[in-house]
file my_file.txt (compact mmCIF, C-alpha atoms)
# COMPACT_ATOMS: atom_id res chain seq x y z
CA MET A 30 18.68 -3.50 -13.10
CA ALA A 31 17.96 -6.46 -15.36
CA PRO A 32 14.78 -8.45 -14.73
CA HIS A 33 15.21 -11.66 -12.78
CA THR A 34 14.99 -14.87 -14.77
CA SER A 35 13.78 -17.09 -11.95
CA GLY A 36 10.12 -17.64 -11.16
CA PRO A 37 8.42 -16.48 -7.99
CA ALA A 38 9.33 -18.05 -4.69
CA PRO A 39 5.94 -18.83 -3.14
CA ASP A 40 7.55 -19.62 0.21
CA ALA A 41 9.29 -16.23 0.34
CA ALA A 42 6.08 -14.42 -0.62
CA ALA A 43 4.00 -16.43 1.85
CA ALA A 44 6.52 -15.75 4.62
CA TYR A 45 6.53 -12.03 3.76
CA LEU A 46 2.73 -11.85 3.82
CA ALA A 47 2.54 -13.74 7.15
CA ALA A 48 5.10 -11.38 8.72
CA LEU A 49 3.25 -8.37 7.30
CA GLU A 50 -0.01 -9.60 8.80
CA GLU A 51 1.74 -9.89 12.19
CA ARG A 52 3.08 -6.32 11.89
CA LEU A 53 -0.37 -4.97 10.94
CA THR A 54 -2.03 -6.80 13.85
CA ALA A 55 0.65 -5.69 16.33
CA ASP A 56 0.07 -2.07 15.25
CA GLY A 57 -3.66 -2.32 15.97
CA CYS A 58 -4.93 -2.71 12.41
CA THR A 59 -8.10 -4.58 11.61
CA VAL A 60 -6.91 -7.36 9.28
CA THR A 61 -9.10 -8.98 6.64
CA ARG A 62 -8.50 -11.07 3.52
CA PRO A 63 -10.46 -9.78 0.50
CA ARG A 64 -9.92 -11.25 -2.98
CA TRP A 65 -8.55 -9.58 -6.10
CA ASN A 66 -8.35 -11.38 -9.44
CA GLY A 67 -8.60 -14.74 -7.68
CA LEU A 68 -5.79 -13.92 -5.22
CA THR A 69 -6.07 -13.51 -1.47
CA VAL A 70 -5.07 -10.02 -0.33
CA VAL A 71 -3.80 -9.21 3.16
CA SER A 72 -5.68 -6.06 4.11
CA GLY A 73 -5.15 -3.89 7.17
CA SER A 74 -6.94 -0.72 8.20
CA ARG A 75 -6.74 1.73 11.06
CA ALA A 76 -7.76 5.26 11.98
CA ASP A 77 -5.81 7.78 14.03
CA ARG A 78 -6.45 11.27 15.42
CA LYS A 79 -3.76 13.63 16.61
CA VAL A 80 -3.86 17.10 18.09
CA ARG A 81 -1.36 18.35 15.51
CA TRP A 82 -3.91 17.38 12.82
CA PHE A 83 -6.50 19.63 14.52
CA GLY A 84 -8.63 16.60 15.43
CA THR A 85 -8.86 15.28 11.88
CA LYS A 86 -9.12 11.52 11.60
CA ALA A 87 -6.61 9.88 9.27
CA GLU A 88 -7.69 6.53 7.87
CA LEU A 89 -5.03 4.17 6.51
CA PHE A 90 -5.72 1.16 4.31
CA VAL A 91 -3.07 -1.42 3.38
CA PHE A 92 -3.62 -4.02 0.64
CA VAL A 93 -0.91 -6.55 -0.20
CA THR A 94 -0.78 -9.69 -2.34
CA ALA A 95 1.87 -11.80 -4.04
CA VAL A 96 2.04 -12.13 -7.83
CA PRO A 97 4.43 -13.99 -10.16
CA GLU A 98 5.87 -10.69 -11.39
CA VAL A 99 5.16 -6.99 -11.00
CA ASP A 100 4.83 -4.85 -14.10
CA VAL A 101 3.27 -1.40 -14.53
CA ALA A 102 -0.05 -2.73 -15.84
CA THR A 103 -0.54 -5.13 -12.91
CA LEU A 104 0.53 -2.54 -10.32
CA SER A 105 -1.75 0.09 -11.87
CA GLU A 106 -4.69 -2.33 -11.94
CA PHE A 107 -4.10 -3.40 -8.33
CA THR A 108 -3.73 0.23 -7.20
CA ALA A 109 -7.03 1.20 -8.86
CA TRP A 110 -8.77 -1.80 -7.25
CA ALA A 111 -7.29 -1.04 -3.80
CA MET A 112 -8.28 2.62 -3.95
CA GLY A 113 -11.80 1.78 -5.08
CA TYR A 114 -12.13 -0.90 -2.41
CA ALA A 115 -10.86 1.48 0.29
CA LYS A 116 -13.33 4.11 -0.88
CA SER A 117 -16.17 1.59 -0.44
CA LEU A 118 -15.03 0.83 3.13
CA ARG A 119 -14.81 4.40 4.36
CA GLY A 120 -17.24 5.62 6.94
CA GLY A 121 -18.72 9.03 7.42
CA ILE A 122 -20.74 11.35 5.24
CA PRO A 123 -19.38 11.86 1.70
CA GLY A 124 -17.94 15.35 1.45
CA ALA A 125 -17.39 15.53 5.21
CA ARG A 126 -14.98 12.63 5.49
CA ASN A 127 -11.55 12.85 6.98
CA ALA A 128 -8.21 12.10 5.29
CA ALA A 129 -7.54 8.64 3.89
CA SER A 130 -4.41 7.00 2.52
CA VAL A 131 -4.01 3.70 0.72
CA LEU A 132 -0.85 1.58 0.54
CA PRO A 133 -1.41 -0.99 -2.26
CA ALA A 134 1.61 -3.32 -2.55
CA LEU A 135 2.51 -6.20 -4.82
CA VAL A 136 5.09 -8.75 -3.64
CA SER A 137 7.21 -10.79 -6.06
CA THR A 138 10.70 -12.08 -6.73
CA ARG A 139 10.43 -10.40 -10.11
CA VAL A 140 9.74 -6.66 -10.15
CA HIS A 141 10.20 -4.85 -13.45
CA PRO A 142 12.25 -1.62 -13.21
CA GLU A 143 9.42 0.28 -14.93
CA ALA A 144 7.04 -0.78 -12.14
CA GLU A 145 9.50 0.46 -9.52
CA ARG A 146 9.77 3.80 -11.32
CA TRP A 147 5.96 4.04 -11.63
CA ALA A 148 5.54 3.40 -7.89
CA ALA A 149 8.25 5.91 -6.95
CA GLN A 150 7.20 8.74 -9.26
CA ASP A 151 4.19 10.16 -7.41
CA ALA A 152 1.15 9.48 -5.25
CA ARG A 153 -2.20 8.73 -6.88
CA ILE A 154 -5.32 10.65 -5.90
CA LEU A 155 -8.88 9.36 -6.29
CA ASP A 156 -11.77 11.84 -6.27
CA ALA A 157 -9.75 14.20 -4.05
CA THR A 158 -10.63 11.93 -1.11
CA LEU A 159 -7.97 9.20 -1.18
CA VAL A 160 -4.21 9.38 -1.57
CA GLY A 161 -2.60 6.16 -2.78
CA ARG A 162 1.08 5.31 -2.54
CA PRO A 163 1.63 2.11 -4.53
CA LEU A 164 4.54 -0.10 -3.50
CA THR A 165 6.60 -2.83 -5.08
CA VAL A 166 8.16 -5.38 -2.75
CA GLU A 167 10.87 -7.50 -4.30
CA THR A 168 11.74 -10.57 -2.28
CA ALA A 169 15.18 -11.99 -2.98
CA PRO A 170 16.92 -14.88 -1.21
CA ASN A 171 18.68 -12.65 1.33
CA ALA A 172 17.00 -9.27 1.00
CA VAL A 173 13.75 -7.41 0.47
CA ARG A 174 13.61 -4.19 -1.53
CA THR A 175 10.61 -1.88 -1.24
CA THR A 176 9.91 0.98 -3.64
CA MET A 177 7.30 3.72 -3.14
CA TYR A 178 6.80 7.47 -3.47
CA ARG A 179 8.11 9.11 -0.31
CA GLY A 180 7.46 12.76 -1.17
CA ARG A 181 4.76 15.12 -0.02
CA VAL A 182 1.37 15.60 -1.64
CA VAL A 183 -0.75 18.72 -1.86
CA TRP A 184 -3.96 17.09 -0.63
CA GLY A 185 -3.39 15.25 2.63
CA GLY A 186 0.18 16.56 2.94
CA MET A 187 -0.28 17.13 6.67
CA PHE A 188 -0.41 13.32 7.06
CA THR A 189 2.67 12.47 4.97
CA GLY A 190 4.93 11.83 7.97
CA HIS A 191 2.35 9.55 9.56
CA VAL A 192 1.81 7.53 6.37
CA LEU A 193 5.55 7.16 5.74
CA GLU A 194 6.09 6.11 9.36
CA LYS A 195 3.44 3.39 9.03
CA ALA A 196 4.81 2.30 5.63
CA ALA A 197 8.29 1.90 7.18
CA LEU A 198 6.78 -0.17 10.00
CA TYR A 199 4.73 -2.43 7.73
CA PHE A 200 7.28 -2.70 4.87
CA PRO A 201 10.72 -2.71 6.52
call {"tool": "encode", "arguments": {"input": "my_file.txt", "output": "structure tokens"}}
result
Amino acid sequence: MAPHTSGPAPDAAAAYLAALEERLTADGCTVTRPRWNGLTVVSGSRADRKVRWFGTKAELFVFVTAVPEVDVATLSEFTAWAMGYAKSLRGGIPGARNAASVLPALVSTRVHPEAERWAAQDARILDATLVGRPLTVETAPNAVRTTMYRGRVVWGGMFTGHVLEKAALYFP
């Protein structure tokens, strides 16, 4: 896929972020708007417990912002920020915390193929306490294409189905 030559469509990105915020709110997430590199980020968080997880609480953090274009360096930087920020928000006693997943996503009309491959290649793990699944969201005039790693992970693998279900809901 060749990179797009047009600039970002702020209206498309703004519309996507507004719809995402509605989906997060409708699903019971707490929505906030932190800042990253001067940009407003739509952030949603929630916690769930299920019997099949043996009572373990699964925390999910979503961080999304629009950028002019998505390349590997920007996606990597945003992912590291999102995972660090999520780590600072977590409750509980360190070492006795429950599972946590982070969905850091960058939205743009211009997503480099290398960034899509980087997002799809694997999950990122921070201090064996957070599993991150970076996403690219390419907004085009008549379509939206989302790329992320959809495989299992060793740590937190019991929650993979739940995280992928939420990702499909938030990033259709």
call {"tool": "closest_residue", "arguments": {"input": "my_file.txt", "among": "A:Thr175, A:Thr189, A:Ser74, A:Thr61", "to": "Thr138 of chain A", "atoms": "all atoms listed in the file"}}
result
A:Thr175
call {"tool": "closest_residue", "arguments": {"input": "my_file.txt", "among": "A:His141, A:Arg162, A:Lys195, A:Arg52", "to": "Glu98 of chain A", "atoms": "all atoms listed in the file"}}
result
A:His141
call {"tool": "residues_around", "arguments": {"input": "my_file.txt", "residues": "segment 66-68 of chain A", "least_positions_apart": "3", "cutoff": "9 Å", "atoms": "only C-alpha atoms", "output": "ChimeraX atom specification"}}
result
/A:63,94-96
call {"tool": "closest_residue", "arguments": {"input": "my_file.txt", "among": "A:Glu106, A:Asp56, A:Glu167, A:Glu145", "to": "Glu194 of chain A", "atoms": "all atoms listed in the file"}}
result
A:Asp56
call {"tool": "closest_residue", "arguments": {"input": "my_file.txt", "among": "A:Ser137, A:Ala148, A:Val160, A:Ala128", "to": "Gly113 of chain A", "atoms": "all atoms listed in the file"}}
result
A:Val160
call {"tool": "atom_distance", "arguments": {"input": "my_file.txt", "atom1": "atom CA of Phe200 of chain A", "atom2": "atom CA of Leu132 of chain A"}}
result
10.2 Å
call {"tool": "closest_residue", "arguments": {"input": "my_file.txt", "among": "A:Phe188, A:Leu159, A:Asp77, A:Arg62", "to": "Ser130 of chain A", "atoms": "all atoms listed in the file"}}
result
A:Leu159
call {"tool": "atom_distance", "arguments": {"input": "my_file.txt", "atom1": "atom CA of Ala109 of chain A", "atom2": "atom CA of Pro133 of chain A"}}
result
8.9 Å
call {"tool": "closest_residue", "arguments": {"input": "my_file.txt", "among": "A:Ala129, A:Asp151, A:Arg139, A:Ser117", "to": "Pro170 of chain A", "atoms": "only C-alpha atoms"}}
result
A:Arg139
call {"tool": "atom_distance", "arguments": {"input": "my_file.txt", "atom1": "atom CA of Gln150 of chain A", "atom2": "atom CA of Thr168 of chain A"}}
result
21.0 Å
call {"tool": "residues_around", "arguments": {"input": "my_file.txt", "residues": "segment 102-105 of chain A", "least_positions_apart": "6", "cutoff": "9 Å", "atoms": "only C-alpha atoms", "output": "ChimeraX atom specification"}}
result
/A:133-135,144,147-148,163-165
call {"tool": "residues_around", "arguments": {"input": "my_file.txt", "residues": "Pro201 of chain A", "least_positions_apart": "5", "cutoff": "9 Å", "atoms": "only C-alpha atoms", "output": "list in words"}}
result
Val173, Arg174, Thr175 and Ala196 of chain A
call {"tool": "residues_around", "arguments": {"input": "my_file.txt", "residues": "Trp65 of chain A", "least_positions_apart": "6", "cutoff": "10 Å", "atoms": "only C-alpha atoms", "output": "ChimeraX atom specification"}}
result
/A:94,107,110-111
call {"tool": "residues_near_point", "arguments": {"input": "my_file.txt", "point": "(4.3, 8.7, -0.8)", "cutoff": "6 Å", "atoms": "all atoms listed in the file", "output": "short mmCIF file (atom, residue, chain, number, x, y, z; two decimals) with C-alpha atoms, in the coordinates of the input"}}
result
data_model
loop_
_atom_site.label_atom_id
_atom_site.label_comp_id
_atom_site.auth_asym_id
_atom_site.auth_seq_id
_atom_site.Cartn_x
_atom_site.Cartn_y
_atom_site.Cartn_z
CA ALA A 152 1.15 9.48 -5.25
CA ARG A 162 1.08 5.31 -2.54
CA TYR A 178 6.80 7.47 -3.47
CA ARG A 179 8.11 9.11 -0.31
CA GLY A 180 7.46 12.76 -1.17
#
call {"tool": "residues_near_point", "arguments": {"input": "my_file.txt", "point": "(0.4, -4.7, 4.8)", "cutoff": "7 Å", "atoms": "only C-alpha atoms", "output": "PDB file with C-alpha atoms, in the frame of the given file"}}
result
ATOM      1  CA  LEU A  49       3.250  -8.370   7.300  1.00  0.00           C
ATOM      2  CA  GLU A  50      -0.010  -9.600   8.800  1.00  0.00           C
ATOM      3  CA  LEU A  53      -0.370  -4.970  10.940  1.00  0.00           C
ATOM      4  CA  VAL A  71      -3.800  -9.210   3.160  1.00  0.00           C
ATOM      5  CA  SER A  72      -5.680  -6.060   4.110  1.00  0.00           C
ATOM      6  CA  GLY A  73      -5.150  -3.890   7.170  1.00  0.00           C
ATOM      7  CA  VAL A  91      -3.070  -1.420   3.380  1.00  0.00           C
ATOM      8  CA  PHE A  92      -3.620  -4.020   0.640  1.00  0.00           C
ATOM      9  CA  VAL A  93      -0.910  -6.550  -0.200  1.00  0.00           C
ATOM     10  CA  TYR A 199       4.730  -2.430   7.730  1.00  0.00           C
TER      11      TYR A 199
END
